Each structure stands twice: as structure tokens, then as C-alpha cells.
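Enquirer: Data: model_3.cif, mmCIF, C-alpha atoms and all ligand atoms.
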```cif
data_coords
loop_
_atom_site.label_atom_id
_atom_site.label_comp_id
_atom_site.auth_asym_id
_atom_site.auth_seq_id
_atom_site.Cartn_x
_atom_site.Cartn_y
_atom_site.Cartn_z
CA MET U 254 12.45 -1.55 -7.84
CA PRO U 255 12.94 -0.21 -11.36
CA GLU U 256 15.43 -2.28 -13.34
CA LEU U 257 17.14 -1.88 -16.71
CA PRO U 258 13.95 -1.73 -18.87
CA GLU U 259 12.30 0.85 -16.58
CA MET U 260 15.38 3.08 -16.47
CA GLU U 261 15.84 2.75 -20.25
CA THR U 262 12.23 3.83 -20.71
CA TYR U 263 12.82 6.91 -18.54
CA ARG U 264 15.99 7.71 -20.45
CA GLN U 265 14.30 7.47 -23.84
CA LEU U 266 11.32 9.56 -22.77
CA LEU U 267 13.36 12.20 -20.93
CA ILE U 268 16.08 12.85 -23.52
CA PRO U 269 13.83 14.76 -25.97
CA ARG U 270 12.30 16.71 -23.07
CA LEU U 271 15.49 17.64 -21.21
CA ALA U 272 18.42 17.68 -23.62
CA GLY U 273 19.74 21.19 -24.08
CA LYS U 274 17.43 22.63 -21.41
CA ALA U 275 18.75 24.62 -18.46
CA VAL U 276 17.60 24.11 -14.89
CA THR U 277 15.56 27.18 -13.96
CA GLY U 278 14.54 26.18 -10.47
CA VAL U 279 15.43 23.70 -7.74
CA GLN U 280 13.27 22.65 -4.84
CA ILE U 281 14.68 20.25 -2.26
CA GLU U 282 12.08 18.95 0.17
CA ARG U 283 14.23 16.18 1.60
CA GLU U 284 17.93 16.83 2.11
CA LYS U 285 18.62 13.13 2.67
CA SER U 286 17.79 12.52 -1.00
CA ILE U 287 20.83 14.54 -2.05
CA ASN U 288 24.49 14.35 -1.00
CA VAL U 289 25.44 18.00 -0.47
CA PRO U 290 23.70 20.88 1.36
CA ALA U 291 20.61 22.03 -0.54
CA ALA U 292 22.08 25.48 -1.15
CA ASP U 293 25.21 23.96 -2.72
CA PHE U 294 23.14 21.60 -4.86
CA THR U 295 21.01 24.49 -6.08
CA ALA U 296 24.02 26.71 -6.79
CA ALA U 297 25.69 23.91 -8.76
CA VAL U 298 22.79 23.15 -11.11
CA LEU U 299 20.79 26.36 -11.42
CA GLY U 300 21.17 27.79 -14.92
CA VAL U 301 23.15 24.73 -16.02
CA ARG U 302 22.04 22.77 -19.10
CA VAL U 303 21.41 19.06 -19.36
CA GLN U 304 23.64 17.78 -22.15
CA GLY U 305 22.52 14.18 -22.20
CA ILE U 306 21.17 11.28 -20.19
CA SER U 307 22.78 7.87 -19.93
CA ARG U 308 22.03 4.74 -17.98
CA ARG U 309 24.39 2.45 -16.09
CA ALA U 310 22.84 -0.57 -14.32
CA LYS U 311 19.78 0.79 -12.46
CA HIS U 312 21.16 4.35 -12.39
CA LEU U 313 20.35 7.26 -14.65
CA LEU U 314 23.04 9.86 -15.17
CA PHE U 315 21.98 13.37 -16.11
CA HIS U 316 25.10 14.79 -17.73
CA MET U 317 25.18 18.54 -17.14
CA GLU U 318 27.40 21.31 -18.44
CA GLN U 319 30.46 22.17 -16.33
CA ASN U 320 31.46 18.52 -15.86
CA ARG U 321 28.56 17.84 -13.50
CA VAL U 322 26.45 14.72 -13.22
CA LEU U 323 23.23 14.08 -11.35
CA LEU U 324 23.32 10.43 -10.44
CA LEU U 325 19.87 8.98 -9.83
CA HIS U 326 19.00 5.67 -8.20
CA LEU U 327 15.28 5.21 -7.57
CA MET U 328 15.71 2.12 -5.35
CA LEU U 329 12.44 0.73 -3.94
CA GLY U 330 9.39 2.95 -4.54
CA GLY U 331 11.08 5.83 -6.35
CA ALA U 332 9.61 7.31 -9.53
CA MET U 333 9.67 10.42 -11.70
CA VAL U 334 6.88 12.59 -13.05
CA TRP U 335 7.29 15.22 -15.78
CA GLY U 336 4.73 17.97 -16.11
CA THR U 337 3.55 21.49 -15.41
CA PRO U 338 3.00 22.78 -11.84
CA GLU U 339 -0.71 21.93 -12.36
CA GLU U 340 0.29 18.31 -13.04
CA ARG U 341 2.35 18.08 -9.85
CA PRO U 342 1.88 14.58 -8.34
CA ASN U 343 -0.56 14.44 -5.48
CA ARG U 344 2.01 13.10 -3.00
CA THR U 345 5.24 14.16 -1.33
CA VAL U 346 7.90 15.34 -3.78
CA GLN U 347 11.45 15.02 -2.48
CA VAL U 348 13.24 16.91 -5.26
CA GLU U 349 11.85 19.13 -7.99
CA LEU U 350 13.80 20.52 -10.92
CA ALA U 351 12.22 23.23 -13.09
CA PHE U 352 12.95 23.57 -16.79
CA GLY U 353 11.03 26.67 -17.84
CA GLY U 354 7.33 25.85 -17.56
CA ASP U 355 7.89 22.15 -16.97
CA ARG U 356 9.06 20.31 -13.88
CA LEU U 357 10.76 17.01 -13.22
CA TYR U 358 9.37 15.67 -9.95
CA PHE U 359 11.19 12.97 -8.00
CA ILE U 360 8.85 11.04 -5.74
CA GLY U 361 9.15 8.06 -3.41
CA LEU U 362 12.85 8.70 -2.77
CA ARG U 363 13.17 7.02 0.60
CA LEU U 364 16.22 4.88 -0.09
CA GLY U 365 16.64 6.37 -3.53
CA TYR U 366 18.76 9.43 -4.21
CA LEU U 367 19.77 12.16 -6.64
CA HIS U 368 23.45 12.84 -6.04
CA LEU U 369 25.62 15.61 -7.47
CA HIS U 370 29.06 14.56 -8.70
CA GLN U 371 31.85 15.52 -11.04
CA GLU U 372 31.94 13.26 -14.11
CA GLU U 373 35.11 11.43 -13.00
CA GLU U 374 33.65 10.84 -9.57
CA ALA U 375 30.49 9.30 -11.05
CA VAL U 376 32.59 7.04 -13.27
CA ARG U 377 34.62 5.93 -10.25
CA LEU U 378 31.50 5.23 -8.17
CA LEU U 379 30.05 2.98 -10.88
CA ARG U 380 33.27 1.17 -11.68
CA LYS U 381 32.55 -1.88 -9.52
CA LEU U 382 29.35 -2.73 -11.39
CA GLY U 383 29.24 -5.87 -13.48
CA PRO U 384 28.88 -5.86 -17.29
CA GLU U 385 25.84 -4.41 -19.05
CA PRO U 386 23.61 -7.10 -20.62
CA PHE U 387 23.67 -5.32 -24.01
CA ASP U 388 27.34 -4.39 -24.12
CA PRO U 389 28.55 -5.87 -27.44
CA ALA U 390 31.77 -6.90 -25.66
CA PHE U 391 29.70 -8.98 -23.22
CA THR U 392 29.29 -12.02 -25.44
CA GLU U 393 27.73 -15.42 -24.89
CA ARG U 394 31.27 -16.72 -24.21
CA GLU U 395 31.85 -14.02 -21.58
CA PHE U 396 28.52 -14.83 -19.94
CA ILE U 397 29.27 -18.55 -19.80
CA GLY U 398 32.71 -17.81 -18.38
CA LEU U 399 31.22 -15.50 -15.74
CA PHE U 400 28.36 -17.73 -14.59
CA GLY U 401 30.10 -21.04 -15.18
CA GLN U 402 32.67 -20.37 -12.48
CA LYS U 403 30.28 -19.06 -9.82
CA ARG U 404 28.70 -20.89 -6.89
CA GLY U 405 25.32 -20.35 -5.25
CA TYR U 406 21.83 -19.83 -6.61
CA LEU U 407 21.16 -18.71 -10.18
CA LYS U 408 18.77 -15.94 -9.10
CA THR U 409 21.23 -14.59 -6.53
CA ALA U 410 23.89 -14.19 -9.24
CA LEU U 411 21.44 -12.62 -11.73
CA VAL U 412 20.47 -9.85 -9.27
CA ASP U 413 24.02 -9.25 -7.98
CA GLN U 414 25.03 -5.89 -9.49
CA SER U 415 28.72 -6.71 -9.16
CA VAL U 416 28.17 -9.76 -11.39
CA LEU U 417 25.68 -8.36 -13.91
CA SER U 418 24.18 -4.86 -14.16
CA GLY U 419 20.55 -3.78 -14.24
CA ILE U 420 18.67 -6.96 -13.32
CA GLY U 421 16.56 -7.24 -10.15
CA ASN U 422 13.82 -9.33 -8.64
CA CYS U 423 11.33 -9.12 -11.49
CA TYR U 424 13.53 -9.68 -14.54
CA SER U 425 15.65 -12.39 -12.92
CA ASP U 426 12.45 -14.45 -12.62
CA GLU U 427 11.26 -13.50 -16.11
CA ILE U 428 14.64 -14.42 -17.63
CA CYS U 429 14.64 -17.81 -15.87
CA PHE U 430 11.09 -18.44 -17.12
CA THR U 431 12.03 -17.60 -20.72
CA ALA U 432 15.02 -19.93 -20.42
CA GLY U 433 12.90 -22.71 -18.86
CA ILE U 434 15.23 -22.93 -15.86
CA LEU U 435 14.31 -22.68 -12.17
CA PRO U 436 15.78 -19.61 -10.40
CA GLN U 437 16.67 -21.70 -7.34
CA ARG U 438 19.02 -23.90 -9.37
CA LYS U 439 22.62 -23.98 -8.21
CA LEU U 440 25.00 -22.42 -10.69
CA ASP U 441 27.35 -25.38 -10.69
CA SER U 442 24.47 -27.61 -11.83
CA LEU U 443 23.87 -25.62 -15.03
CA SER U 444 25.03 -27.13 -18.30
CA GLU U 445 26.67 -25.03 -21.00
CA GLU U 446 23.54 -25.40 -23.12
CA GLU U 447 21.45 -24.01 -20.23
CA LEU U 448 23.85 -21.08 -19.82
CA VAL U 449 23.46 -20.31 -23.53
CA ARG U 450 19.67 -20.34 -23.07
CA LEU U 451 20.01 -17.99 -20.10
CA PHE U 452 22.17 -15.56 -22.04
CA GLN U 453 19.70 -15.46 -24.92
CA ALA U 454 16.75 -15.17 -22.51
CA MET U 455 18.50 -12.29 -20.71
CA ARG U 456 18.78 -10.28 -23.92
CA SER U 457 15.37 -11.17 -25.37
CA THR U 458 13.47 -10.58 -22.11
CA LEU U 459 15.13 -7.26 -21.31
CA SER U 460 14.74 -5.91 -24.84
CA GLU U 461 11.10 -7.02 -25.02
CA ALA U 462 10.42 -5.36 -21.65
CA ALA U 463 12.20 -2.14 -22.62
CA SER U 464 10.35 -1.93 -25.93
CA HIS U 465 7.07 -2.20 -24.01
CA GLY U 466 8.03 0.48 -21.48
CA GLY U 467 8.88 -1.74 -18.49
CA TYR U 468 6.54 -2.32 -15.56
CA MET U 469 6.42 1.04 -13.70
CA ASP U 470 2.82 1.82 -12.69
CA ILE U 471 3.22 5.61 -12.66
CA PRO U 472 3.16 7.30 -16.09
CA LEU U 473 6.04 9.73 -16.60
CA PHE U 474 3.77 12.42 -18.02
CA LYS U 475 0.14 13.03 -18.94
CA GLY U 476 -0.64 10.98 -22.04
CA ASP U 477 2.37 8.67 -21.58
CA THR U 478 1.23 5.40 -23.16
CA LEU U 479 4.63 3.67 -23.10
CA THR U 480 5.55 3.44 -19.42
CA GLY U 481 4.26 0.30 -17.73
CA GLY U 482 3.32 -1.53 -20.93
CA PHE U 483 5.24 -4.62 -19.89
CA ASP U 484 3.43 -5.04 -16.56
CA PRO U 485 0.57 -7.14 -18.02
CA LEU U 486 3.14 -9.08 -20.04
CA CYS U 487 5.12 -10.36 -17.04
CA ARG U 488 4.79 -14.16 -17.18
CA VAL U 489 5.69 -15.18 -13.64
CA TYR U 490 6.64 -12.24 -11.43
CA ASP U 491 3.96 -11.61 -8.76
CA ARG U 492 1.66 -14.13 -10.48
CA GLU U 493 1.50 -16.83 -7.80
CA GLY U 494 -1.41 -19.21 -8.48
CA GLU U 495 -2.12 -17.93 -11.99
CA PRO U 496 -1.87 -20.45 -14.86
CA CYS U 497 1.44 -20.53 -16.71
CA VAL U 498 1.12 -19.04 -20.23
CA ARG U 499 3.28 -21.88 -21.56
CA CYS U 500 1.92 -25.02 -19.86
CA GLY U 501 -1.05 -24.04 -17.66
CA THR U 502 0.52 -25.13 -14.35
CA ALA U 503 -0.07 -22.71 -11.45
CA ILE U 504 2.84 -20.30 -10.95
CA ALA U 505 4.56 -20.97 -7.63
CA ARG U 506 6.26 -18.62 -5.23
CA VAL U 507 9.44 -20.09 -3.80
CA ASP U 508 11.48 -18.06 -1.31
CA PHE U 509 15.17 -18.75 -0.88
CA ALA U 510 18.27 -16.79 0.10
CA SER U 511 15.87 -14.16 1.60
CA LYS U 512 14.43 -13.42 -1.85
CA LYS U 513 10.96 -14.06 -3.16
CA SER U 514 10.90 -15.80 -6.48
CA PHE U 515 8.21 -16.84 -8.94
CA SER U 516 8.47 -19.70 -11.40
CA CYS U 517 6.49 -22.43 -13.12
CA PRO U 518 7.05 -25.88 -11.60
CA GLY U 519 5.59 -27.41 -14.80
CA CYS U 520 7.94 -26.13 -17.50
CA GLN U 521 10.98 -24.76 -15.67
CA HIS U 522 13.57 -27.29 -14.64
ZN ZN L 1 4.78 -23.62 -17.27
#
```
For this file, produce the structure as C-alpha cells.

Expert:
Amino acid sequence: MPELPEMETYRQLLIPRLAGKAVTGVQIEREKSINVPAADFTAAVLGVRVQGISRRAKHLLFHMEQNRVLLLHLMLGGAMVWGTPEERPNRTVQVELAFGGDRLYFIGLRLGYLHLHQEEEAVRLLRKLGPEPFDPAFTEREFIGLFGQKRGYLKTALVDQSVLSGIGNCYSDEICFTAGILPQRKLDSLSEEELVRLFQAMRSTLSEAASHGGYMDIPLFKGDTLTGGFDPLCRVYDREGEPCVRCGTAIARVDFASKKSFSCPGCQH
């Protein structure tokens, strides 16, 4: 499932392509991917310009004229492709938005969705999300306060969107690896020094991943060399049995709390 770095990559790549452009066509192949009847969705966005794109947690928000927002969550398996009708992806497209000669194709939206809301409604829907890792107000002190008073597994808290926004299965493991801490540790066993390491690892890992384009394996457009650049740089996620880049020990998969998790038993404690 795309996480903060993947959604940031989409945002950065889509802003110069979409900002100021009006929707010139709408094709809904799967009504379950939207939240209103297809005709209403089409009537609400056709001819309306995209003013900007923002990200909150794992959502992208396409801010449109007339106080409208398209709220996207790709969930598991969702992706976007930008291109001409000739570059249409060779698989089922659930929603297609035309911007003149170009199209934004939404694919793999099984659990994912593209919902139409008023701005205030979108703000209200996202209110319960935890702090953003890069919010300047979310300091090391805040992080220690937040995690220091929680119970349960470290990984479970890292992926809980009501605790912290934008982190999922992959980056929770990568952050724990960078910090040298096992994801199955109990929160009440973590020292303050370890929490500081986790906070720093959270920021460094997510910014490194975002600057390399995240791990998505589908390029956004033809010639896109950014998207997916972090995939070969993942140190532990989905690397069971491979030697640790830090100490050479084989990466282990440990499942707990119905989550799969990858870590190095040699240099994570
Ligand atoms: Zn190691």
C-alpha cells in the first residue's frame, strides 16, 4: 500500500501537470470507487479546474474550484497513470479523468477510492488522523510524549493512522531498522534515547524514500524515472533471507499482531 513517500511523489509529479487545468472528460467504470452517482460526480467536476494538490497521511486531495475536493486513497493495489489515450494502461481502469489530450487513469481501486467532497467535509473526515511526521509542530518532545505513554507493539503504533499519519507496513520496518530497534518491541520497554532514535529515523527514512520516489512499481508516466527509485534501497522490507546491509545477518520475517514484519536479528535490538 502506498505510504507517505509514494503519495508525496505522486503529488510532486502531478502538480505541474494538473494545476490550473480543467477536467474535460470523466469516465467512471466502477461506481463503487466513487461516493456519489456517476452522473453527479461527472456534473460536479466537468469543466472545473484543479487548483492544487495536497497530501494528508496516505490520501491525496485534489483541490478543485467551487470548493470541491477529490479525496483519493489508493489502499492496497491502487495506482495512477498519466498519459495520452494511446498510453492507457493495459488493465482495468476504474476512473479516468481527461485534461485536454492527457488522461489521469486510476487503476487497481478495489478498496481504494476517489471521493467527491466539499472542502469542509474533507477536512472533517481527516480530522481524526494523527500528526504528520514532517509537521514542524510535531517535535521530538511531542513524539516522545506520544509514544512514551502508549502500550502494545512498536510497529502497531507506527502504522496506526490515529497515532501517526502516513506510515504503513514497509516504512514502519524501514524506520525500525534505521533506528536499530526491533519492530516487535513493546512500547513501554523503549528508553527515551531509543524514542529519540526512532523520531530521527522516522524523518530521515521517509525523506530519503520520498527523495528517491518511493517504492511504487508502476511509473506515473512514460519516461518517469523518479517513481519507484526507493524500491531497491529498502533495507529490510520483503527481504527475508537476504544479508543485512549493516551486519550481514540474514533478514528475518517475524509475524505478530496479524502483521508481517521484517527486521535484522543481528543489529536490531
Ligand atoms: Zn543487521

Enquirer: Please determine the residues with any atom at most 8 Å from (8.5, 21.9, -15.4) (coordinates as given in the file, with all atoms listed in the file counting) and report them as a list of chain:residue names.

Expert: U:Trp335, U:Gly336, U:Thr337, U:Pro338, U:Leu350, U:Ala351, U:Phe352, U:Gly353, U:Gly354, U:Asp355, U:Arg356, U:Leu357

Enquirer: Select the residues contacting ligand ZN 1 (chain L) at a distance of at most 8 Å, based on all atoms listed in the file, then format the selection as a count of residues only.

Expert: 15

Enquirer: Here's a test: counting all atoms listed in the file, identify every protein, DNA and RNA residue with an atom at most 8 Å from (26.4, -10.4, -21.4) in the file's coordinate frame, and state them as a PyMOL selection string.

Expert: chain U and resi 384-393+395-396+417+452

Enquirer: Could you tell me how far atom CA of U:Leu473 lies from atom CA of U:Phe430, in Å and to one decimal?

Expert: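 Computing the Euclidean distance for atom CA of U:Leu473 and atom CA of U:Phe430 yields 28.6 Å.
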
Enquirer: Can you pull out the residues contacting U:Gly273? Cut-off 6 Å, using all atoms listed in the file, and skip same-chain residues under 5 positions away; I want them as number ranges by chain.

Expert: U: 302-304

Enquirer: Between atom CA of U:Gly361 and atom CA of U:Phe515, measure the distance and give it in Å to one decimal.

Expert: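 The value is 25.5 Å.
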
Enquirer: Using all atoms listed in the file, which residues sit within 8 Å of U:Gly305 once same-chain residues fewer than 6 positions away are excluded, as a list in words?

Expert: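 Neighbouring residues, sequence-local ones excluded: Ile268, Leu271, Ala272, Gly273, Phe315, His316 and Met317 of chain U.
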
Enquirer: Can you measure atom CA of U:Gly481 to atom CA of U:His465 for me? One decimal in Å is fine.

Expert: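 Here the two named atoms are 7.3 Å from each other.
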